[in-house]
2 protein chains.
Amino acid sequence: MLTQNNTTVATEWLDRLKASGYRLTDSTRAVVQVVAENSFALEPAQIFISARQLSPHLGLVTVYRTLDKLEETGLVQRVHQLNGCHAYVPAAPGHQHLLVCRSCSRVEYFSGDDLDELFGQVGRERGFLIQDHWLQLYGLCSVCQKEEAAG
Amino acid sequence: MLTQNNTTVATEWLDRLKASGYRLTDSTRAVVQVVAENSFALEPAQIFISARQLSPHLGLVTVYRTLDKLEETGLVQRVHQLNGCHAYVPAAPGHQHLLVCRSCSRVEYFSGDDLDELFGQVGRERGFLIQDHWLQLYGLCSVCQKEEAAG
DNA sequence: CTCTTATTGAAAATAATTATCATTATCAGT
DNA sequence: ACTGATAATGATAATTATTTTCAATAAGAG
């Protein structure tokens with residue numbers, strides 16, 4: 001019953017989950033539907049509220065479990081914010097970084113390919129072997145800038 | 001009784017706290033002593049264990065409260081790690097970024113002054129007003145690289 | 001030395017996440 | 001389609017992390 005509403009991204013995610021050996025259920029489909037088609041950083045409780053409208057018997061526990069699977073499969077990633085680090089967004093394709101709106105938590109992606117070399121250099125200077133990096137920009141998206149100027 | 005052991009950094013922190021209107025107590029001094037003189041990312045529970053050796057009646061609640069004050073005053077900052085974002089290190093002077101060892105959680109600092117312009121550019125392209133950014137590099141420090149090669 | 005009031009620690013309350021477990025439902029192999 | 005092994009589910013309980021409450025203490029200005 002969720003099937004007809006599935007858009008391309010959500011069905012892709014479901015295929016990926018299935019390919020990873022997970023079974024697909026209505027609960028899974030509801031959570032995927034909510035997170036995959038979304039450009040805001042969402043916390044488990046928010047996802048729960050939205051997804052339960054698509055699958056009324058859904059439990060919060062299943063949201064946590066599904067997020068684990070999605071993270072495991074590389075389909076979502078955590079967003080680190082000032083008020084905590086428990087929100088999720090669709091994982092950036094390739095190695096991209098996040099732009100997060102402080103007001104509405106909208107997320108956009110950008111690539112910083114040219115940064116890798118710089119970071120490696122920084123590591124070498126300090127005897128560190130750099131394995132990964134983590135970069136986020138915070139600010140106001142265009143929508144919230146207008147709101148702020150108006151209100 | 002903690003006074004004789006205080007090194008320069010810790011006393012500086014205490015002065016800063018006092019200047020901000022906070023009263024200084026043995027509990028405060030113990031927490032400051034532990035965190036200020038340290039180059040590893042420490043969680044509240046770890047700080048509690050160490051600091052209680054300096055001030056035996058110290059309660060865990062006071063560690064949380066002191067960390068809040070220290071963060072408020074800009075003396076410590078949070079470290080975001082894969083397993084959570086509840087560890088603290090001395091705040092980087094100026095606007096610096098962190099290099100975190102994944103094995104021992106040792107932290108070093110580096111400045112990326114030249115990055116600000118790049119980030120502003122990224123924001124402009126997407127209509128974002130960039131207000132802040134957050135960058136951490138993860139890897140292995142020199143000590144842990146050797147250990148790994150040996151073990 | 002005194003007084004005001006910030007700070008403390010113990011205990012309780014809250015919030016967030018994880019484990020337990022009997023039941024249900026997916027889907028591979030007929 | 002049918003069946004069986006077993007992954008997934010949701011309710012409940014347990015655990016962990018953090019915050020609140022509150023009476024007692026102690027810092028530090030005057």
# chains A, B, ... in the order shown; residues from 1 in each chain; ligands from 1
$ closest_atom_pairs --of "chain B" --to "chain A" --cutoff "12 Å" --atoms "only C-alpha atoms" --output "CSV"
residue,atom,partner,partner_atom,distance
B:Gln77,CA,A:Leu82,CA,11.0
B:Arg78,CA,A:Leu82,CA,9.5
B:Val79,CA,A:His80,CA,10.6
B:His80,CA,A:His80,CA,7.7
B:Gln81,CA,A:Trp134,CA,9.6
B:Leu82,CA,A:Arg78,CA,9.5
B:Asn83,CA,A:Cys85,CA,10.5
B:Gly84,CA,A:Cys85,CA,7.6
B:Cys85,CA,A:Cys85,CA,6.8
B:His86,CA,A:Gly84,CA,9.2
B:His97,CA,A:Leu135,CA,10.3
B:Leu98,CA,A:His133,CA,10.0
B:Leu99,CA,A:Gly123,CA,7.8
B:Val100,CA,A:Phe128,CA,9.0
B:Cys101,CA,A:Phe128,CA,7.9
B:Arg102,CA,A:Gln131,CA,9.1
B:Ser103,CA,A:Leu129,CA,11.6
B:Arg106,CA,A:Phe128,CA,10.6
B:Val107,CA,A:Phe128,CA,10.4
B:Glu108,CA,A:Arg126,CA,8.2
B:Tyr109,CA,A:Arg126,CA,9.4
B:Phe110,CA,A:Val122,CA,7.4
B:Ser111,CA,A:Val122,CA,9.3
B:Gly112,CA,A:Val122,CA,9.5
B:Asp114,CA,A:Leu118,CA,10.6
B:Leu115,CA,A:Leu115,CA,9.2
B:Asp116,CA,A:Leu137,CA,10.3
B:Leu118,CA,A:Gly112,CA,9.5
B:Phe119,CA,A:Leu137,CA,7.5
B:Gly120,CA,A:Leu137,CA,9.4
B:Gln121,CA,A:Phe110,CA,11.1
B:Val122,CA,A:Phe110,CA,7.4
B:Gly123,CA,A:Leu99,CA,7.8
B:Arg124,CA,A:Ser142,CA,9.8
B:Glu125,CA,A:Phe110,CA,10.0
B:Arg126,CA,A:Ser142,CA,8.0
B:Gly127,CA,A:Ser142,CA,5.2
B:Phe128,CA,A:Cys141,CA,4.5
B:Leu129,CA,A:Leu140,CA,5.1
B:Ile130,CA,A:Gly139,CA,4.3
B:Gln131,CA,A:Gly139,CA,4.7
B:Asp132,CA,A:Tyr138,CA,5.1
B:His133,CA,A:Leu137,CA,4.3
B:Trp134,CA,A:Gln136,CA,5.3
B:Leu135,CA,A:Leu135,CA,4.5
B:Gln136,CA,A:Trp134,CA,5.2
B:Leu137,CA,A:His133,CA,4.3
B:Tyr138,CA,A:Asp132,CA,5.1
B:Gly139,CA,A:Ile130,CA,4.3
B:Leu140,CA,A:Leu129,CA,5.1
B:Cys141,CA,A:Phe128,CA,4.5
B:Ser142,CA,A:Gly127,CA,5.2
B:Val143,CA,A:Gly127,CA,8.8
B:Cys144,CA,A:Phe128,CA,9.3
B:Gln145,CA,A:Leu129,CA,7.7
B:Lys146,CA,A:Gly127,CA,10.8
B:Glu148,CA,A:Leu129,CA,11.9
$ residues_around --residues "B:Gly59" --least-positions-apart "5" --cutoff "12 Å" --atoms "only C-alpha atoms (C1' of nucleotides)" --output "PyMOL selection string"
(chain B and resi 26-28+30-31+44-45+47-53+64-66) or (chain C and resi 7-10)
$ residues_around --residues "A:Thr25" --least-positions-apart "2" --cutoff "12 Å" --atoms "only C-alpha atoms (C1' of nucleotides)" --output "PyMOL selection string"
(chain A and resi 1-3+14+17-18+22-23+27-32+55+57-58+62+66) or (chain C and resi 24-27) or (chain D and resi 7-9)
$ write_last_selection --atoms "C-alpha atoms (C1' of nucleotides)" --output "PDB file, in the first residue's frame"
ATOM      1  CA  MET A   1       0.000   0.000   0.000  1.00  0.00           C
ATOM      2  CA  LEU A   2       2.958   2.227   0.165  1.00  0.00           C
ATOM      3  CA  THR A   3       4.152   0.968  -3.159  1.00  0.00           C
ATOM      4  CA  LEU A  14      14.808  -0.335  -0.827  1.00  0.00           C
ATOM      5  CA  LEU A  17      18.623  -2.704   1.435  1.00  0.00           C
ATOM      6  CA  LYS A  18      17.334  -5.850  -0.161  1.00  0.00           C
ATOM      7  CA  TYR A  22      17.598  -7.192   4.624  1.00  0.00           C
ATOM      8  CA  ARG A  23      13.931  -8.066   4.339  1.00  0.00           C
ATOM      9  CA  SER A  27       7.808  -0.355   8.544  1.00  0.00           C
ATOM     10  CA  THR A  28      11.019  -0.222   6.574  1.00  0.00           C
ATOM     11  CA  ARG A  29       9.242   1.271   3.601  1.00  0.00           C
ATOM     12  CA  ALA A  30       7.659   3.981   5.708  1.00  0.00           C
ATOM     13  CA  VAL A  31      10.946   5.058   7.282  1.00  0.00           C
ATOM     14  CA  VAL A  32      12.749   4.982   3.952  1.00  0.00           C
ATOM     15  CA  SER A  55       2.549   2.732   8.651  1.00  0.00           C
ATOM     16  CA  HIS A  57       1.668   0.319  13.794  1.00  0.00           C
ATOM     17  CA  LEU A  58       5.262   1.462  13.453  1.00  0.00           C
ATOM     18  CA  THR A  62      12.012   0.091  14.543  1.00  0.00           C
ATOM     19  CA  THR A  66      16.072   0.968  10.389  1.00  0.00           C
TER      20      THR A  66
ATOM     21  C1'  DT C  24       4.321 -12.004  12.965  1.00  0.00           C
ATOM     22  C1'  DA C  25       5.530 -11.898   8.277  1.00  0.00           C
ATOM     23  C1'  DT C  26       9.229 -12.025   4.484  1.00  0.00           C
ATOM     24  C1'  DC C  27      10.915 -14.549   0.906  1.00  0.00           C
TER      25       DC C  27
ATOM     26  C1'  DA D   7      14.660 -11.921  10.123  1.00  0.00           C
ATOM     27  C1'  DA D   8      11.864  -8.180  11.648  1.00  0.00           C
ATOM     28  C1'  DT D   9       8.402  -6.281  14.580  1.00  0.00           C
TER      29       DT D   9
END
$ closest_atom_pairs --of "chain D" --to "chain B" --cutoff "12 Å" --atoms "only C-alpha atoms (C1' of nucleotides)" --output "Markdown table"
| residue | atom | partner | partner_atom | distance |
| --- | --- | --- | --- | --- |
| D:DT16 | C1' | B:Ala45 | CA | 11.8 |
| D:DA17 | C1' | B:His86 | CA | 9.8 |
| D:DT18 | C1' | B:Tyr64 | CA | 8.5 |
| D:DT19 | C1' | B:Val61 | CA | 9.0 |
| D:DT20 | C1' | B:Val61 | CA | 10.8 |
| D:DT25 | C1' | B:Thr25 | CA | 11.4 |
| D:DA26 | C1' | B:Thr25 | CA | 8.5 |
| D:DA27 | C1' | B:Arg23 | CA | 6.2 |
| D:DG28 | C1' | B:Arg23 | CA | 8.0 |
| D:DA29 | C1' | B:Arg23 | CA | 11.8 |
$ atom_distance --atom1 "atom CA of B:Leu54" --atom2 "atom CA of B:Val34"
9.0 Å
$ calpha_fit_and_write --fixed "chain B" --moving "chain A" --output "tab-separated table (two decimals) with C-alpha atoms, in the first residue's frame"
chain	number	residue	atom	x	y	z
A	1	MET	CA	45.41	22.11	48.83
A	2	LEU	CA	45.26	21.93	45.13
A	3	THR	CA	46.92	25.29	44.85
A	4	GLN	CA	50.53	24.23	44.91
A	5	ASN	CA	49.99	21.78	42.08
A	6	ASN	CA	48.33	24.25	39.74
A	7	THR	CA	50.26	24.85	36.61
A	8	THR	CA	50.06	27.95	34.51
A	9	VAL	CA	47.25	26.89	32.19
A	10	ALA	CA	44.99	25.77	35.01
A	11	THR	CA	45.47	28.99	36.98
A	12	GLU	CA	44.77	30.98	33.85
A	13	TRP	CA	41.50	29.11	33.44
A	14	LEU	CA	40.58	29.75	37.06
A	15	ASP	CA	41.28	33.44	36.61
A	16	ARG	CA	39.09	33.48	33.55
A	17	LEU	CA	36.27	31.75	35.43
A	18	LYS	CA	36.55	34.16	38.30
A	19	ALA	CA	36.58	37.11	35.91
A	20	SER	CA	33.34	35.76	34.47
A	21	GLY	CA	31.75	35.96	37.90
A	22	TYR	CA	31.97	32.34	38.96
A	23	ARG	CA	33.11	31.36	42.43
A	24	LEU	CA	36.06	29.05	42.72
A	25	THR	CA	35.79	25.90	44.76
A	26	ASP	CA	37.86	22.80	45.24
A	27	SER	CA	35.54	20.95	42.89
A	28	THR	CA	36.03	23.53	40.18
A	29	ARG	CA	39.77	23.47	40.68
A	30	ALA	CA	39.91	19.71	40.40
A	31	VAL	CA	37.96	19.61	37.14
A	32	VAL	CA	39.96	22.47	35.67
A	33	GLN	CA	43.22	20.83	36.67
A	34	VAL	CA	42.25	17.65	34.84
A	35	VAL	CA	40.92	19.19	31.67
A	36	ALA	CA	43.26	22.14	31.22
A	37	GLU	CA	46.48	20.15	31.31
A	38	ASN	CA	45.30	17.50	28.95
A	39	SER	CA	45.59	16.77	25.25
A	40	PHE	CA	43.09	13.95	24.98
A	41	ALA	CA	39.38	14.12	24.36
A	42	LEU	CA	37.75	13.31	27.70
A	43	GLU	CA	34.17	12.41	28.50
A	44	PRO	CA	32.43	13.62	31.66
A	45	ALA	CA	32.72	10.21	33.33
A	46	GLN	CA	36.46	10.06	32.71
A	47	ILE	CA	36.95	13.57	34.01
A	48	PHE	CA	34.94	12.60	37.07
A	49	ILE	CA	37.23	9.67	37.86
A	50	SER	CA	40.41	11.68	37.49
A	51	ALA	CA	39.18	14.78	39.25
A	52	ARG	CA	37.82	12.87	42.21
A	53	GLN	CA	41.36	11.89	43.08
A	54	LEU	CA	42.06	15.58	43.56
A	55	SER	CA	38.80	16.39	45.31
A	56	PRO	CA	37.34	13.21	46.84
A	57	HIS	CA	33.84	14.53	47.54
A	58	LEU	CA	33.35	15.66	43.96
A	59	GLY	CA	30.04	14.62	42.38
A	60	LEU	CA	29.46	13.76	38.74
A	61	VAL	CA	26.80	16.45	38.55
A	62	THR	CA	29.40	19.08	39.34
A	63	VAL	CA	31.53	17.84	36.46
A	64	TYR	CA	28.64	18.50	34.09
A	65	ARG	CA	28.04	21.90	35.62
A	66	THR	CA	31.69	22.85	35.47
A	67	LEU	CA	31.97	21.76	31.86
A	68	ASP	CA	29.00	23.97	31.06
A	69	LYS	CA	30.74	26.92	32.64
A	70	LEU	CA	33.97	26.17	30.85
A	71	GLU	CA	32.17	25.89	27.54
A	72	GLU	CA	30.27	29.09	28.28
A	73	THR	CA	33.53	30.86	29.00
A	74	GLY	CA	35.10	29.48	25.84
A	75	LEU	CA	37.74	27.42	27.61
A	76	VAL	CA	36.69	24.00	26.37
A	77	GLN	CA	35.04	22.70	23.23
A	78	ARG	CA	33.30	19.50	22.30
A	79	VAL	CA	34.92	16.87	20.15
A	80	HIS	CA	32.73	15.04	17.68
A	81	GLN	CA	33.65	11.42	17.24
A	82	LEU	CA	32.08	8.43	15.57
A	83	ASN	CA	31.00	6.91	18.84
A	84	GLY	CA	29.43	10.11	20.08
A	85	CYS	CA	29.96	13.78	20.67
A	86	HIS	CA	30.35	13.99	24.40
A	87	ALA	CA	34.07	14.47	24.81
A	88	TYR	CA	35.82	17.74	25.60
A	89	VAL	CA	39.22	19.28	24.97
A	90	PRO	CA	40.75	22.66	25.77
A	91	ALA	CA	39.33	25.11	23.27
A	92	ALA	CA	41.55	25.92	20.34
A	93	PRO	CA	43.03	29.43	20.59
A	94	GLY	CA	41.66	31.57	17.78
A	95	HIS	CA	39.81	29.72	15.10
A	96	GLN	CA	41.61	26.43	14.83
A	97	HIS	CA	40.51	22.94	13.97
A	98	LEU	CA	41.15	19.56	15.44
A	99	LEU	CA	43.16	16.52	14.52
A	100	VAL	CA	41.83	13.58	16.49
A	101	CYS	CA	43.52	10.23	16.91
A	102	ARG	CA	40.99	7.45	16.47
A	103	SER	CA	42.90	5.10	18.68
A	104	CYS	CA	43.89	7.14	21.75
A	105	SER	CA	41.75	10.26	21.14
A	106	ARG	CA	44.75	12.54	21.40
A	107	VAL	CA	43.95	15.93	19.96
A	108	GLU	CA	46.14	18.41	18.13
A	109	TYR	CA	45.22	21.76	16.65
A	110	PHE	CA	45.77	23.34	13.30
A	111	SER	CA	44.66	26.59	11.74
A	112	GLY	CA	42.92	26.76	8.42
A	113	ASP	CA	42.72	30.49	7.88
A	114	ASP	CA	42.84	30.07	4.13
A	115	LEU	CA	39.67	27.99	4.22
A	116	ASP	CA	37.29	30.76	5.22
A	117	GLU	CA	37.27	32.29	1.78
A	118	LEU	CA	36.60	28.95	0.11
A	119	PHE	CA	33.71	28.28	2.46
A	120	GLY	CA	32.18	31.69	1.86
A	121	GLN	CA	32.35	30.95	-1.86
A	122	VAL	CA	30.58	27.61	-1.43
A	123	GLY	CA	27.85	29.33	0.55
A	124	ARG	CA	27.32	32.08	-2.00
A	125	GLU	CA	26.88	29.54	-4.77
A	126	ARG	CA	23.98	28.02	-2.87
A	127	GLY	CA	22.42	31.14	-1.40
A	128	PHE	CA	23.62	30.27	2.07
A	129	LEU	CA	24.94	32.85	4.46
A	130	ILE	CA	27.81	31.03	6.15
A	131	GLN	CA	28.17	31.85	9.81
A	132	ASP	CA	30.44	29.15	11.09
A	133	HIS	CA	32.16	25.95	10.13
A	134	TRP	CA	33.29	22.83	11.75
A	135	LEU	CA	36.23	20.76	10.65
A	136	GLN	CA	37.96	17.77	12.15
A	137	LEU	CA	40.52	15.38	10.78
A	138	TYR	CA	40.65	11.79	11.98
A	139	GLY	CA	43.52	9.39	11.86
A	140	LEU	CA	46.33	7.86	13.84
A	141	CYS	CA	48.81	9.89	15.84
A	142	SER	CA	52.50	9.03	15.61
A	143	VAL	CA	52.45	7.04	18.84
A	144	CYS	CA	49.54	4.86	17.78
A	145	GLN	CA	51.00	4.32	14.31
A	146	LYS	CA	54.08	2.79	15.91
A	147	GLU	CA	52.00	0.68	18.23
A	148	GLU	CA	49.96	-0.60	15.36
A	149	ALA	CA	53.06	-1.44	13.34
A	150	ALA	CA	54.54	-3.27	16.34
A	151	GLY	CA	51.51	-5.10	17.67
$ select_by_dssp --residues "stretch 1-145 of chain A" --states "strand (DSSP E)" --output "ChimeraX atom specification"
/A:76-81,84-90,96-101,107-111,129-140
$ atom_distance --atom1 "atom C1' of D:DA14" --atom2 "atom C1' of C:DT20"
8.9 Å
